[in-house]
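All remarks here apply to the structure that follows.
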Amino acid sequence: MEKTFYLEYLEIIRDFKNYLEKRMGRKPSANNKALLLEKFYEEIKNCQKCSLYRTRTNLVFGEGNPEAILMFVGEAPGKEEDLQGRPFVGAAGKLLRETIKNLGIPEDKFYIANILKCRPPGNRNPRPEEIARCLPYLKKQIQIINPKIICTLGKFSTQNLLNTTRGITYLRGQKFTLPNNTILLPTLHPAACIYKPYWREQFIMDLKMVKEEIDKITKT
Ligand code: URA
């Protein structure tokens with residue numbers, strides 16, 4: 001069956017289920033976030049809004065639990081991510097995923113995405129015009145997932161989600177509350193922490209804060 005048709009089919013079933021539940025006096029089920037994300041991916045997978053589409057192998061949409069209470073937001077896919085179409089699967093991803101695991105944050109508690117969906121050639125920094133085109137995609141993912149905690153990794157995701165130009169070494173380790181009450185905890189980008197033990201310590205401390213916030217939420 002063609003994928004878009006299949007998604008429409010699932011959506012009709014979901015709407016019908018919600019209709020029946022309403023008629024029976026039950027609260028309609030929560031929106032199916034997985035389906036909404038899947039549909040959104042279909043919408044943007046051939047994006048050509050900036051020149052990065054010319055050099056990408058894959059658009060890296062994001063992955064994880066669509067119902068997660070925690071969302072990690074990185075910068076942009078690197079070489080390995082571009083090849084595999086998955087976020088944080090290279091060296092920085094190894095550090096991130098190992099740290100998360102060591103702190104006891106289970107895989108089903110988070111979703112990972114980036115501010116840019118396509119790899120900048122040679123892993124150069126994202127350009128303002130690329131961020132301007134791609135940021136609405138991230139915002140839509142955040143809107144669908146509606147996480148209680150966002151952990152931004154590095155300067156670009158932090159500054160853009162907080163709408164500030166302050167440096168990441170100043171912002172990291174602090175707790176921010178967004179207007180919709182989502183908690184935002186910035187940390188350093190894991191790629192910067194690979195060869196810098198002092199930064200790595202700070203990165204681990206910041207992720208401990210993330211774990212504490214999850215514990216607070218899940219124990220109340
Ligand atoms: N760095 C990022 O910011 N994102 C990735 O997906 C990989 C490396």
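In the structure tokens, chains take the letters A, B, ... in the order shown, each chain's residues start at 1, and ligands count up from 1 in the order shown.
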
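Using only C-alpha atoms, the contacts of Ala113 (chain A) at a cut-off of 8 Å, with sequence neighbours closer than 6 positions omitted, comprise Phe61, Gly62, Glu63, Met71, Phe72, Val73, Gly74, Pro87 and Leu138 of chain A.
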
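The residue set within 12 Å of Trp199 (chain A), counting only C-alpha atoms and dropping same-chain residues fewer than 6 places from it, reads Gly154, Ile168, Thr169, Arg172, Gly173, Thr187, Leu188, His189, Pro190, Ala191, Ala192, Cys193, Met205 and Asp206 of chain A.
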
Would you put the residues from that selection into a file with N, CA, C and O atoms, as a PDB file, in the first residue's frame?
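out_26.pdb written:
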ATOM      1  N   GLY A 154      24.446  22.471  22.830  1.00  0.00           N
ATOM      2  CA  GLY A 154      25.285  23.434  22.117  1.00  0.00           C
ATOM      3  C   GLY A 154      24.611  24.762  21.862  1.00  0.00           C
ATOM      4  O   GLY A 154      23.424  24.969  22.132  1.00  0.00           O
ATOM      5  N   ILE A 168      27.005  29.879  25.128  1.00  0.00           N
ATOM      6  CA  ILE A 168      26.581  28.600  25.709  1.00  0.00           C
ATOM      7  C   ILE A 168      27.280  28.341  27.053  1.00  0.00           C
ATOM      8  O   ILE A 168      26.686  27.739  27.953  1.00  0.00           O
ATOM      9  N   THR A 169      28.519  28.812  27.210  1.00  0.00           N
ATOM     10  CA  THR A 169      29.189  28.546  28.488  1.00  0.00           C
ATOM     11  C   THR A 169      28.520  29.336  29.619  1.00  0.00           C
ATOM     12  O   THR A 169      28.599  28.951  30.781  1.00  0.00           O
ATOM     13  N   ARG A 172      24.657  27.302  29.853  1.00  0.00           N
ATOM     14  CA  ARG A 172      24.605  25.889  30.273  1.00  0.00           C
ATOM     15  C   ARG A 172      24.470  25.777  31.802  1.00  0.00           C
ATOM     16  O   ARG A 172      24.914  26.664  32.540  1.00  0.00           O
ATOM     17  N   GLY A 173      23.846  24.701  32.214  1.00  0.00           N
ATOM     18  CA  GLY A 173      23.734  24.472  33.656  1.00  0.00           C
ATOM     19  C   GLY A 173      22.618  25.274  34.311  1.00  0.00           C
ATOM     20  O   GLY A 173      22.394  25.159  35.508  1.00  0.00           O
ATOM     21  N   THR A 187      22.935  22.517  27.534  1.00  0.00           N
ATOM     22  CA  THR A 187      24.264  22.016  27.861  1.00  0.00           C
ATOM     23  C   THR A 187      25.192  22.197  26.666  1.00  0.00           C
ATOM     24  O   THR A 187      24.788  22.665  25.608  1.00  0.00           O
ATOM     25  N   LEU A 188      26.441  21.809  26.869  1.00  0.00           N
ATOM     26  CA  LEU A 188      27.435  21.936  25.794  1.00  0.00           C
ATOM     27  C   LEU A 188      27.152  20.892  24.724  1.00  0.00           C
ATOM     28  O   LEU A 188      26.513  19.873  25.000  1.00  0.00           O
ATOM     29  N   HIS A 189      27.659  21.154  23.532  1.00  0.00           N
ATOM     30  CA  HIS A 189      27.482  20.141  22.484  1.00  0.00           C
ATOM     31  C   HIS A 189      28.442  18.979  22.764  1.00  0.00           C
ATOM     32  O   HIS A 189      29.627  19.203  23.040  1.00  0.00           O
ATOM     33  N   PRO A 190      27.940  17.727  22.706  1.00  0.00           N
ATOM     34  CA  PRO A 190      28.827  16.602  23.046  1.00  0.00           C
ATOM     35  C   PRO A 190      30.091  16.529  22.182  1.00  0.00           C
ATOM     36  O   PRO A 190      31.132  16.078  22.669  1.00  0.00           O
ATOM     37  N   ALA A 191      30.019  17.012  20.931  1.00  0.00           N
ATOM     38  CA  ALA A 191      31.213  16.965  20.068  1.00  0.00           C
ATOM     39  C   ALA A 191      32.337  17.796  20.692  1.00  0.00           C
ATOM     40  O   ALA A 191      33.524  17.460  20.558  1.00  0.00           O
ATOM     41  N   ALA A 192      31.962  18.868  21.383  1.00  0.00           N
ATOM     42  CA  ALA A 192      32.972  19.738  21.995  1.00  0.00           C
ATOM     43  C   ALA A 192      33.563  19.100  23.250  1.00  0.00           C
ATOM     44  O   ALA A 192      34.592  19.548  23.748  1.00  0.00           O
ATOM     45  N   CYS A 193      32.887  18.085  23.772  1.00  0.00           N
ATOM     46  CA  CYS A 193      33.310  17.491  25.061  1.00  0.00           C
ATOM     47  C   CYS A 193      34.163  16.236  24.876  1.00  0.00           C
ATOM     48  O   CYS A 193      34.671  15.690  25.858  1.00  0.00           O
ATOM     49  N   MET A 205      27.339  16.867  34.374  1.00  0.00           N
ATOM     50  CA  MET A 205      26.582  17.554  35.440  1.00  0.00           C
ATOM     51  C   MET A 205      25.239  18.059  34.910  1.00  0.00           C
ATOM     52  O   MET A 205      24.204  17.931  35.561  1.00  0.00           O
ATOM     53  N   ASP A 206      25.270  18.626  33.702  1.00  0.00           N
ATOM     54  CA  ASP A 206      24.031  19.176  33.128  1.00  0.00           C
ATOM     55  C   ASP A 206      23.017  18.065  32.846  1.00  0.00           C
ATOM     56  O   ASP A 206      21.815  18.231  33.064  1.00  0.00           O
TER      57      ASP A 206
END

Taking only C-alpha atoms and all ligand atoms into account, produce a table as CSV in which each residue of chain A with an atom at most 9 Å from an atom of ligand 1 appears once, together with its shortest atom pair and the distance in Å to one decimal, ordered by chain and rising number.
residue,atom,partner,partner_atom_place_in_ligand_line,distance
A:Val60,CA,ligand 1,6 (O),7.6
A:Gly62,CA,ligand 1,6 (O),8.2
A:Val73,CA,ligand 1,3 (O),7.5
A:Gly74,CA,ligand 1,3 (O),3.8
A:Glu75,CA,ligand 1,3 (O),3.4
A:Ala76,CA,ligand 1,3 (O),4.4
A:Pro77,CA,ligand 1,6 (O),4.1
A:Gly78,CA,ligand 1,7 (C),5.0
A:Lys79,CA,ligand 1,7 (C),8.2
A:Glu80,CA,ligand 1,7 (C),7.9
A:Glu81,CA,ligand 1,6 (O),5.8
A:Asp82,CA,ligand 1,6 (O),8.4
A:Arg86,CA,ligand 1,6 (O),6.9
A:Pro87,CA,ligand 1,6 (O),3.6
A:Phe88,CA,ligand 1,6 (O),3.8
A:Val89,CA,ligand 1,7 (C),6.6
A:Gly90,CA,ligand 1,7 (C),6.4
A:Ala91,CA,ligand 1,8 (C),7.8
A:Ala92,CA,ligand 1,8 (C),5.7
A:Gly93,CA,ligand 1,7 (C),6.0
A:Ile112,CA,ligand 1,6 (O),8.1
A:Ala113,CA,ligand 1,6 (O),7.0
A:Asn114,CA,ligand 1,4 (N),5.7
A:Ile115,CA,ligand 1,3 (O),7.9
A:Leu116,CA,ligand 1,4 (N),8.4
A:Lys117,CA,ligand 1,6 (O),8.5
A:Arg119,CA,ligand 1,5 (C),8.8
A:Asn123,CA,ligand 1,1 (N),8.8
A:Leu153,CA,ligand 1,3 (O),7.0
A:Gly154,CA,ligand 1,3 (O),7.7
A:Phe156,CA,ligand 1,3 (O),9.0
A:Ser157,CA,ligand 1,3 (O),8.7
A:His189,CA,ligand 1,3 (O),7.0
A:Pro190,CA,ligand 1,1 (N),7.6
A:Ala191,CA,ligand 1,1 (N),6.8

Go ahead and dump the residues you just picked, N, CA and C atoms, as a CSV table (one decimal), in the first residue's frame.
chain,number,residue,atom,x,y,z
A,60,VAL,N,17.8,14.2,7.9
A,60,VAL,CA,17.7,13.5,9.2
A,60,VAL,C,16.6,14.2,10.1
A,62,GLY,N,14.7,12.9,12.8
A,62,GLY,CA,14.7,12.8,14.3
A,62,GLY,C,14.2,11.4,14.6
A,73,VAL,N,17.8,18.4,21.6
A,73,VAL,CA,17.9,19.1,20.4
A,73,VAL,C,19.4,19.5,20.1
A,74,GLY,N,19.9,18.9,19.0
A,74,GLY,CA,21.3,19.1,18.6
A,74,GLY,C,21.4,20.2,17.5
A,75,GLU,N,22.5,20.2,16.9
A,75,GLU,CA,22.8,21.2,15.9
A,75,GLU,C,22.4,20.8,14.5
A,76,ALA,N,23.2,19.9,13.9
A,76,ALA,CA,22.9,19.4,12.5
A,76,ALA,C,23.6,18.1,12.4
A,77,PRO,N,23.1,17.3,11.4
A,77,PRO,CA,23.7,16.0,11.2
A,77,PRO,C,25.1,16.1,10.8
A,78,GLY,N,25.9,15.2,11.2
A,78,GLY,CA,27.3,15.1,10.7
A,78,GLY,C,27.4,14.0,9.6
A,79,LYS,N,28.6,13.6,9.3
A,79,LYS,CA,28.8,12.6,8.2
A,79,LYS,C,28.0,11.3,8.4
A,80,GLU,N,28.2,10.8,9.6
A,80,GLU,CA,27.5,9.5,9.8
A,80,GLU,C,26.0,9.6,9.9
A,81,GLU,N,25.5,10.7,10.4
A,81,GLU,CA,24.1,10.9,10.5
A,81,GLU,C,23.5,11.1,9.1
A,82,ASP,N,24.2,11.8,8.3
A,82,ASP,CA,23.8,12.0,6.9
A,82,ASP,C,23.7,10.7,6.2
A,86,ARG,N,19.9,9.1,10.6
A,86,ARG,CA,19.5,9.1,12.0
A,86,ARG,C,20.4,10.1,12.8
A,87,PRO,N,19.8,10.7,13.8
A,87,PRO,CA,20.5,11.7,14.6
A,87,PRO,C,21.5,11.1,15.6
A,88,PHE,N,22.6,11.7,15.8
A,88,PHE,CA,23.5,11.3,16.9
A,88,PHE,C,23.9,9.9,16.8
A,89,VAL,N,24.5,9.5,15.7
A,89,VAL,CA,25.0,8.1,15.6
A,89,VAL,C,26.5,8.1,15.3
A,90,GLY,N,27.1,9.2,15.3
A,90,GLY,CA,28.6,9.3,15.2
A,90,GLY,C,29.3,9.4,16.5
A,91,ALA,N,30.5,10.0,16.6
A,91,ALA,CA,31.2,10.0,17.8
A,91,ALA,C,30.5,10.9,18.9
A,92,ALA,N,30.0,12.0,18.5
A,92,ALA,CA,29.3,12.8,19.5
A,92,ALA,C,28.1,12.1,20.0
A,93,GLY,N,27.4,11.4,19.1
A,93,GLY,CA,26.2,10.6,19.5
A,93,GLY,C,26.6,9.5,20.5
A,112,ILE,N,15.1,12.6,19.9
A,112,ILE,CA,16.2,13.4,19.6
A,112,ILE,C,16.0,14.0,18.2
A,113,ALA,N,16.2,15.3,18.1
A,113,ALA,CA,16.2,16.0,16.7
A,113,ALA,C,17.3,17.0,16.7
A,114,ASN,N,17.4,17.6,15.5
A,114,ASN,CA,18.4,18.7,15.4
A,114,ASN,C,17.7,20.0,14.9
A,115,ILE,N,18.4,21.1,15.0
A,115,ILE,CA,17.9,22.3,14.5
A,115,ILE,C,18.0,22.4,13.0
A,116,LEU,N,19.0,21.8,12.4
A,116,LEU,CA,19.1,21.6,10.9
A,116,LEU,C,18.9,20.2,10.6
A,117,LYS,N,18.1,19.9,9.6
A,117,LYS,CA,17.8,18.5,9.2
A,117,LYS,C,18.8,18.0,8.2
A,119,ARG,N,22.9,17.9,6.5
A,119,ARG,CA,24.3,18.2,6.9
A,119,ARG,C,24.9,19.4,6.2
A,123,ASN,N,30.8,19.7,7.9
A,123,ASN,CA,30.4,20.0,9.2
A,123,ASN,C,30.6,21.4,9.7
A,153,LEU,N,21.5,21.0,23.0
A,153,LEU,CA,22.9,20.6,23.0
A,153,LEU,C,23.7,21.6,22.1
A,154,GLY,N,24.4,22.5,22.8
A,154,GLY,CA,25.3,23.4,22.1
A,154,GLY,C,24.6,24.8,21.9
A,156,PHE,N,23.8,26.6,19.1
A,156,PHE,CA,22.8,26.9,18.1
A,156,PHE,C,21.4,26.6,18.5
A,157,SER,N,21.2,25.4,19.0
A,157,SER,CA,19.8,25.1,19.5
A,157,SER,C,19.4,25.9,20.7
A,189,HIS,N,27.7,21.2,23.5
A,189,HIS,CA,27.5,20.1,22.5
A,189,HIS,C,28.4,19.0,22.8
A,190,PRO,N,27.9,17.7,22.7
A,190,PRO,CA,28.8,16.6,23.0
A,190,PRO,C,30.1,16.5,22.2
A,191,ALA,N,30.0,17.0,20.9
A,191,ALA,CA,31.2,17.0,20.1
A,191,ALA,C,32.3,17.8,20.7

Among listed residues A:Ala34, A:Cys118, A:Leu95, A:Arg56, nearest Tyr137 (chain A) (using only C-alpha atoms):
A:Cys118

Once DSSP has gone over the backbone, tell me which residues of region 14-188 of chain A are in strand (DSSP E or B), as a short mmCIF file (atom, residue, chain, number, x, y, z; two decimals) with all heavy atoms, in the first residue's frame.
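Result saved to states.cif:
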data_model
loop_
_atom_site.label_atom_id
_atom_site.label_comp_id
_atom_site.auth_asym_id
_atom_site.auth_seq_id
_atom_site.Cartn_x
_atom_site.Cartn_y
_atom_site.Cartn_z
N GLU A 63 14.46 10.98 15.88
CA GLU A 63 13.96 9.65 16.25
C GLU A 63 13.77 9.56 17.76
O GLU A 63 14.32 10.35 18.52
CB GLU A 63 14.93 8.55 15.79
CG GLU A 63 16.24 8.53 16.53
CD GLU A 63 17.15 7.39 16.10
OE1 GLU A 63 17.06 6.93 14.95
OE2 GLU A 63 17.96 6.96 16.94
N GLY A 64 13.01 8.58 18.15
CA GLY A 64 12.76 8.36 19.57
C GLY A 64 11.29 8.15 19.82
O GLY A 64 10.52 7.91 18.89
N LEU A 70 10.90 14.02 27.37
CA LEU A 70 12.19 14.72 27.20
C LEU A 70 12.58 14.75 25.72
O LEU A 70 12.46 13.73 25.03
CB LEU A 70 13.26 13.98 28.00
CG LEU A 70 14.72 14.32 27.71
CD1 LEU A 70 15.04 15.76 28.12
CD2 LEU A 70 15.65 13.35 28.47
N MET A 71 13.06 15.91 25.30
CA MET A 71 13.54 16.01 23.92
C MET A 71 14.94 16.61 23.92
O MET A 71 15.16 17.64 24.57
CB MET A 71 12.56 16.89 23.14
CG MET A 71 12.80 16.89 21.67
SD MET A 71 11.33 17.51 20.84
CE MET A 71 12.04 17.77 19.23
N PHE A 72 15.86 15.96 23.23
CA PHE A 72 17.19 16.53 23.03
C PHE A 72 17.20 17.23 21.68
O PHE A 72 16.67 16.69 20.70
CB PHE A 72 18.25 15.42 23.01
CG PHE A 72 18.51 14.82 24.36
CD1 PHE A 72 17.96 13.60 24.71
CD2 PHE A 72 19.31 15.48 25.29
CE1 PHE A 72 18.18 13.04 25.97
CE2 PHE A 72 19.55 14.94 26.54
CZ PHE A 72 18.99 13.71 26.88
N VAL A 73 17.82 18.41 21.65
CA VAL A 73 17.91 19.12 20.37
C VAL A 73 19.36 19.48 20.08
O VAL A 73 19.99 20.25 20.81
CB VAL A 73 17.04 20.40 20.38
CG1 VAL A 73 17.15 21.11 19.03
CG2 VAL A 73 15.59 20.08 20.68
N GLY A 74 19.89 18.88 19.03
CA GLY A 74 21.27 19.13 18.63
C GLY A 74 21.35 20.17 17.53
O GLY A 74 20.40 20.94 17.29
N PHE A 110 12.90 9.55 25.72
CA PHE A 110 13.31 10.73 24.96
C PHE A 110 13.15 10.62 23.44
O PHE A 110 12.99 9.54 22.89
CB PHE A 110 14.74 11.15 25.31
CG PHE A 110 15.80 10.11 24.99
CD1 PHE A 110 16.38 10.05 23.74
CD2 PHE A 110 16.21 9.20 25.96
CE1 PHE A 110 17.35 9.11 23.45
CE2 PHE A 110 17.18 8.25 25.68
CZ PHE A 110 17.75 8.21 24.42
N TYR A 111 13.21 11.80 22.84
CA TYR A 111 13.18 11.94 21.38
C TYR A 111 14.38 12.84 21.04
O TYR A 111 14.68 13.76 21.80
CB TYR A 111 11.87 12.60 20.95
CG TYR A 111 11.65 12.58 19.45
CD1 TYR A 111 10.93 11.55 18.84
CD2 TYR A 111 12.18 13.58 18.64
CE1 TYR A 111 10.74 11.52 17.47
CE2 TYR A 111 12.00 13.55 17.25
CZ TYR A 111 11.27 12.53 16.69
OH TYR A 111 11.10 12.49 15.33
N ILE A 112 15.06 12.58 19.94
CA ILE A 112 16.21 13.43 19.56
C ILE A 112 16.00 14.02 18.17
O ILE A 112 15.64 13.29 17.23
CB ILE A 112 17.54 12.64 19.48
CG1 ILE A 112 17.78 11.78 20.71
CG2 ILE A 112 18.72 13.58 19.28
CD1 ILE A 112 19.16 11.11 20.73
N ALA A 113 16.25 15.31 18.06
CA ALA A 113 16.18 15.96 16.75
C ALA A 113 17.25 17.05 16.69
O ALA A 113 17.92 17.33 17.69
CB ALA A 113 14.80 16.56 16.53
N ASN A 114 17.38 17.64 15.55
CA ASN A 114 18.37 18.71 15.36
C ASN A 114 17.69 19.98 14.86
O ASN A 114 16.60 19.93 14.29
CB ASN A 114 19.40 18.30 14.30
CG ASN A 114 20.42 17.33 14.86
OD1 ASN A 114 21.04 17.57 15.88
ND2 ASN A 114 20.57 16.19 14.18
N ILE A 149 10.37 18.53 29.08
CA ILE A 149 11.75 19.02 29.23
C ILE A 149 12.43 19.01 27.86
O ILE A 149 12.33 18.02 27.13
CB ILE A 149 12.57 18.10 30.16
CG1 ILE A 149 11.86 17.91 31.51
CG2 ILE A 149 13.98 18.61 30.37
CD1 ILE A 149 12.35 16.70 32.29
N ILE A 150 13.15 20.09 27.56
CA ILE A 150 13.98 20.12 26.36
C ILE A 150 15.41 20.32 26.82
O ILE A 150 15.69 21.24 27.59
CB ILE A 150 13.57 21.26 25.40
CG1 ILE A 150 12.14 21.05 24.89
CG2 ILE A 150 14.54 21.35 24.22
CD1 ILE A 150 11.62 22.19 24.01
N CYS A 151 16.30 19.47 26.35
CA CYS A 151 17.72 19.67 26.64
C CYS A 151 18.39 20.07 25.33
O CYS A 151 18.44 19.27 24.39
CB CYS A 151 18.32 18.38 27.20
SG CYS A 151 20.11 18.51 27.44
N THR A 152 18.86 21.31 25.27
CA THR A 152 19.51 21.78 24.05
C THR A 152 21.00 21.47 24.13
O THR A 152 21.64 21.69 25.17
CB THR A 152 19.28 23.29 23.84
OG1 THR A 152 19.53 23.97 25.07
CG2 THR A 152 17.87 23.57 23.39
N LEU A 153 21.54 21.00 23.02
CA LEU A 153 22.94 20.58 22.98
C LEU A 153 23.72 21.59 22.15
O LEU A 153 23.63 21.60 20.92
CB LEU A 153 23.04 19.18 22.36
CG LEU A 153 22.18 18.11 23.06
CD1 LEU A 153 21.95 16.92 22.14
CD2 LEU A 153 22.83 17.67 24.36
N PHE A 176 15.69 27.04 32.48
CA PHE A 176 14.80 28.07 31.93
C PHE A 176 13.39 27.49 31.81
O PHE A 176 13.24 26.29 31.57
CB PHE A 176 15.28 28.51 30.53
CG PHE A 176 16.64 29.13 30.56
CD1 PHE A 176 17.78 28.35 30.46
CD2 PHE A 176 16.78 30.50 30.72
CE1 PHE A 176 19.05 28.92 30.50
CE2 PHE A 176 18.05 31.09 30.77
CZ PHE A 176 19.18 30.29 30.66
N THR A 177 12.41 28.35 31.97
CA THR A 177 11.03 27.88 31.78
C THR A 177 10.44 28.67 30.61
O THR A 177 10.40 29.91 30.65
CB THR A 177 10.19 28.10 33.06
OG1 THR A 177 10.88 27.46 34.14
CG2 THR A 177 8.82 27.46 32.93
N ILE A 183 10.31 23.04 30.48
CA ILE A 183 11.61 23.36 31.09
C ILE A 183 12.68 23.21 30.02
O ILE A 183 12.69 22.19 29.30
CB ILE A 183 11.88 22.40 32.27
CG1 ILE A 183 10.89 22.65 33.38
CG2 ILE A 183 13.32 22.53 32.77
CD1 ILE A 183 10.86 21.56 34.43
N LEU A 184 13.56 24.18 29.91
CA LEU A 184 14.65 24.06 28.94
C LEU A 184 15.99 24.06 29.68
O LEU A 184 16.28 24.99 30.44
CB LEU A 184 14.58 25.20 27.91
CG LEU A 184 15.50 25.00 26.71
CD1 LEU A 184 14.87 25.54 25.44
CD2 LEU A 184 16.87 25.65 26.91
N LEU A 185 16.75 23.01 29.49
CA LEU A 185 18.05 22.87 30.15
C LEU A 185 19.15 22.81 29.09
O LEU A 185 19.28 21.80 28.40
CB LEU A 185 18.07 21.59 31.00
CG LEU A 185 17.02 21.48 32.11
CD1 LEU A 185 16.92 20.07 32.64
CD2 LEU A 185 17.33 22.45 33.24
N PRO A 186 19.93 23.87 28.96
CA PRO A 186 20.98 23.86 27.93
C PRO A 186 22.25 23.18 28.43
O PRO A 186 22.59 23.28 29.61
CB PRO A 186 21.28 25.33 27.68
CG PRO A 186 20.32 26.12 28.50
CD PRO A 186 19.81 25.20 29.57
N THR A 187 22.94 22.52 27.53
CA THR A 187 24.26 22.02 27.86
C THR A 187 25.19 22.20 26.67
O THR A 187 24.79 22.67 25.61
CB THR A 187 24.24 20.55 28.35
OG1 THR A 187 25.55 20.21 28.83
CG2 THR A 187 23.85 19.58 27.25
#

Can you tell me which residues surround Asn102 (chain A) at a distance of at most 12 Å, considering only C-alpha atoms, apart from same-chain residues fewer than 4 positions away, and format the answer as number ranges by chain?
A: 94-98, 106-107, 204, 207-208, 211

Kindly give the distance, in Å, that separates CA of Asn32 (chain A) and CA of Lys140 (chain A), rounded to a single decimal.
14.6 Å

Which one of A:Leu171, A:Glu67, A:Asp108, A:Thr218 sits closest to Lys155 (chain A) if you count only C-alpha atoms?
A:Leu171

Take CA of Tyr170 (chain A) and CA of Lys148 (chain A) and report the distance between them in Å, one decimal.
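Straight-line distance from CA of Tyr170 (chain A) to CA of Lys148 (chain A) works out to 22.9 Å.
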
Report, in Å to a single decimal, how far apart CA of Ile142 (chain A) and CA of Lys33 (chain A) are.
10.7 Å

When DSSP is applied to the backbone of this structure, which of region 1-216 of chain A are assigned helix (DSSP H, G or I)? Write them out as a ChimeraX atom specification.
/A:3-23,33-44,51-54,79-84,91-102,107-109,121-123,128-145,155-162,168-171,190-193,197-216

I need the residue nearest Ile214 (chain A) from this list: A:Pro120, A:Asn181, A:Gly104, A:Ile131. Use only C-alpha atoms for the distance.
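Answer, going by the shortest atom-to-atom distance: A:Gly104.
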
Exercise: Leu36 (chain A) partners within 10 Å, only C-alpha atoms, chain neighbours under 2 positions left out, as number ranges by chain
A: 7, 11, 31-34, 38-42, 66, 141, 144-145
